[in-house]
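For reference, target-v2.txt is printed below; it contains compact mmCIF, C-alpha atoms.
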```txt
# COMPACT_ATOMS: atom_id res chain seq x y z
CA MET A 1 4.01 -10.21 -28.19
CA LEU A 2 2.15 -7.99 -25.69
CA SER A 3 1.58 -10.93 -23.38
CA ARG A 4 5.33 -11.68 -23.28
CA GLN A 5 6.17 -8.09 -22.45
CA LEU A 6 3.52 -8.01 -19.74
CA LEU A 7 4.77 -11.26 -18.25
CA ARG A 8 8.38 -10.09 -18.34
CA SER A 9 7.75 -6.73 -16.68
CA GLY A 10 5.28 -8.15 -14.17
CA ASN A 11 7.68 -10.85 -13.03
CA SER A 12 10.53 -8.38 -12.88
CA ILE A 13 8.75 -6.40 -10.17
CA GLY A 14 8.89 -9.30 -7.74
CA ALA A 15 12.38 -10.33 -8.75
CA ASN A 16 13.76 -6.84 -8.08
CA VAL A 17 11.94 -6.55 -4.77
CA GLU A 18 13.43 -9.90 -3.77
CA GLU A 19 16.90 -8.68 -4.78
CA ALA A 20 16.37 -5.55 -2.68
CA TYR A 21 15.94 -7.73 0.42
CA GLY A 22 19.48 -9.00 -0.14
CA SER A 23 20.97 -5.61 -0.91
CA GLN A 24 24.36 -4.58 0.42
CA SER A 25 23.42 -1.08 1.54
CA LYS A 26 20.58 1.41 1.78
CA PRO A 27 21.47 3.00 -1.61
CA ASP A 28 21.60 -0.48 -3.18
CA PHE A 29 18.19 -1.26 -1.63
CA ALA A 30 16.75 1.98 -3.05
CA ALA A 31 18.25 1.32 -6.48
CA LYS A 32 16.74 -2.16 -6.71
CA LEU A 33 13.33 -0.92 -5.57
CA SER A 34 13.59 1.90 -8.09
CA ILE A 35 14.01 -0.68 -10.84
CA ALA A 36 11.00 -2.58 -9.47
CA CYS A 37 9.01 0.67 -9.63
CA LYS A 38 10.01 1.21 -13.26
CA GLU A 39 8.89 -2.33 -14.05
CA ALA A 40 5.56 -1.68 -12.32
CA ARG A 41 5.09 1.40 -14.51
CA GLU A 42 5.91 -0.67 -17.58
CA THR A 43 3.45 -3.35 -16.51
CA HIS A 44 0.78 -0.68 -16.14
CA TYR A 45 1.61 0.53 -19.65
CA TRP A 46 1.17 -2.96 -21.16
CA LEU A 47 -2.14 -3.39 -19.36
CA ARG A 48 -3.37 -0.05 -20.72
CA LEU A 49 -2.23 -1.07 -24.20
CA LEU A 50 -4.18 -4.32 -24.00
CA VAL A 51 -7.29 -2.28 -23.19
CA ALA A 52 -6.59 0.37 -25.86
CA THR A 53 -6.20 -2.27 -28.56
CA GLU A 54 -9.39 -3.93 -27.33
CA LEU A 55 -7.63 -7.27 -26.94
CA ILE A 56 -9.04 -7.55 -23.41
CA PRO A 57 -12.06 -5.66 -22.03
CA GLU A 58 -11.22 -2.86 -19.58
CA LYS A 59 -13.41 -4.24 -16.83
CA ARG A 60 -11.51 -7.53 -16.97
CA LEU A 61 -8.18 -5.77 -16.37
CA HIS A 62 -9.39 -3.12 -13.92
CA GLY A 63 -8.17 -5.03 -10.87
CA LEU A 64 -4.73 -5.65 -12.35
CA THR A 65 -4.40 -2.05 -13.50
CA ASP A 66 -5.35 -0.84 -10.03
CA GLU A 67 -2.85 -3.21 -8.45
CA ALA A 68 -0.09 -1.98 -10.77
CA ASN A 69 -0.89 1.60 -9.72
CA GLN A 70 -0.68 0.59 -6.07
CA HIS A 71 2.69 -1.06 -6.63
CA VAL A 72 4.01 2.11 -8.27
CA ALA A 73 2.74 4.25 -5.38
CA ILE A 74 4.16 1.98 -2.68
CA LEU A 75 7.53 1.53 -4.33
CA THR A 76 7.84 5.26 -5.11
CA SER A 77 7.13 6.07 -1.47
CA ILE A 78 9.73 3.61 -0.19
CA VAL A 79 12.39 4.80 -2.64
CA LYS A 80 11.79 8.47 -1.74
CA LYS A 81 12.05 7.66 1.96
CA CYS A 82 15.28 5.71 1.45
CA ARG A 83 16.85 8.54 -0.51
CA ARG A 84 16.05 11.21 2.07
CA PRO A 85 19.13 12.42 3.89
CA THR A 86 19.20 11.35 7.51
CA ALA A 87 19.77 14.02 10.06
```
Entire entry expressed as structure tokens:
Amino acid sequence: MLSRQLLRSGNSIGANVEEAYGSQSKPDFAAKLSIACKEARETHYWLRLLVATELIPEKRLHGLTDEANQHVAILTSIVKKCRRPTA
């Protein structure tokens, strides 16, 4: 069950980023990347849950957890920049 959720949310990040490349407008681009960011946060949650339940050792998931954090930070930064009013 956890593995399915992790796979779903992890794959959704890339799918939403890909959709953003084909967006119709800047707000549409930001909206799709915002969804990708939410999926990255969810992926991070599932990774933490795998560690908390001791299904997988923390050191084995450290790289993936770190990468999920980086995705959240990058996507958050892009979305904030896109939503800034232009002067």
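For the atom pair formed by CA of Arg41 (chain A) and CA of His71 (chain A), the distance is 8.6 Å, given to one decimal.
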>> Would you compute the distance between CA of Glu18 (chain A) and CA of Gln5 (chain A)? Give it in Å to one decimal.
In response: 20.1 Å
> From the list A:Met1, A:Leu6, A:Asp28, A:Ser34, which residue is nearest Leu64 (chain A) when using all atoms listed in the file?
Replying inline: A:Leu6
> Which residue gives the smallest distance to Ile35 (chain A) among A:Asn16, A:Asn69, A:Ser3, A:Asn11, with all atoms listed in the file counted?
Replying inline: A:Asn16
> Near Ala40 (chain A), within 8 Å and counting all atoms listed in the file, which residues show up once chain neighbours fewer than 6 positions away are dropped, as an MDAnalysis selection string?
Replying inline: chainID A and resid 9:10 13 68:69 71:72
Hey, can you spit out that residue selection with C-alpha atoms as a PDB file, in the coordinates of the input?
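That gives us result_9.pdb:
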```
ATOM      1  CA  SER A   9       7.750  -6.730 -16.680  1.00  0.00           C
ATOM      2  CA  GLY A  10       5.280  -8.150 -14.170  1.00  0.00           C
ATOM      3  CA  ILE A  13       8.750  -6.400 -10.170  1.00  0.00           C
ATOM      4  CA  ALA A  68      -0.090  -1.980 -10.770  1.00  0.00           C
ATOM      5  CA  ASN A  69      -0.890   1.600  -9.720  1.00  0.00           C
ATOM      6  CA  HIS A  71       2.690  -1.060  -6.630  1.00  0.00           C
ATOM      7  CA  VAL A  72       4.010   2.110  -8.270  1.00  0.00           C
TER       8      VAL A  72
END
```
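Here CA of Ser23 (chain A) and CA of Cys37 (chain A) stand 16.1 Å from one another.
If you measure from each of A:Glu19, A:Arg60, A:Thr65, A:Leu33 to Arg48 (chain A) using all atoms listed in the file, the closest one turns out to be A:Thr65.
Nearest to Pro85 (chain A) of all the residues A:Arg4, A:Lys38, A:Lys26, A:Tyr45 is A:Lys26, counting all atoms listed in the file.
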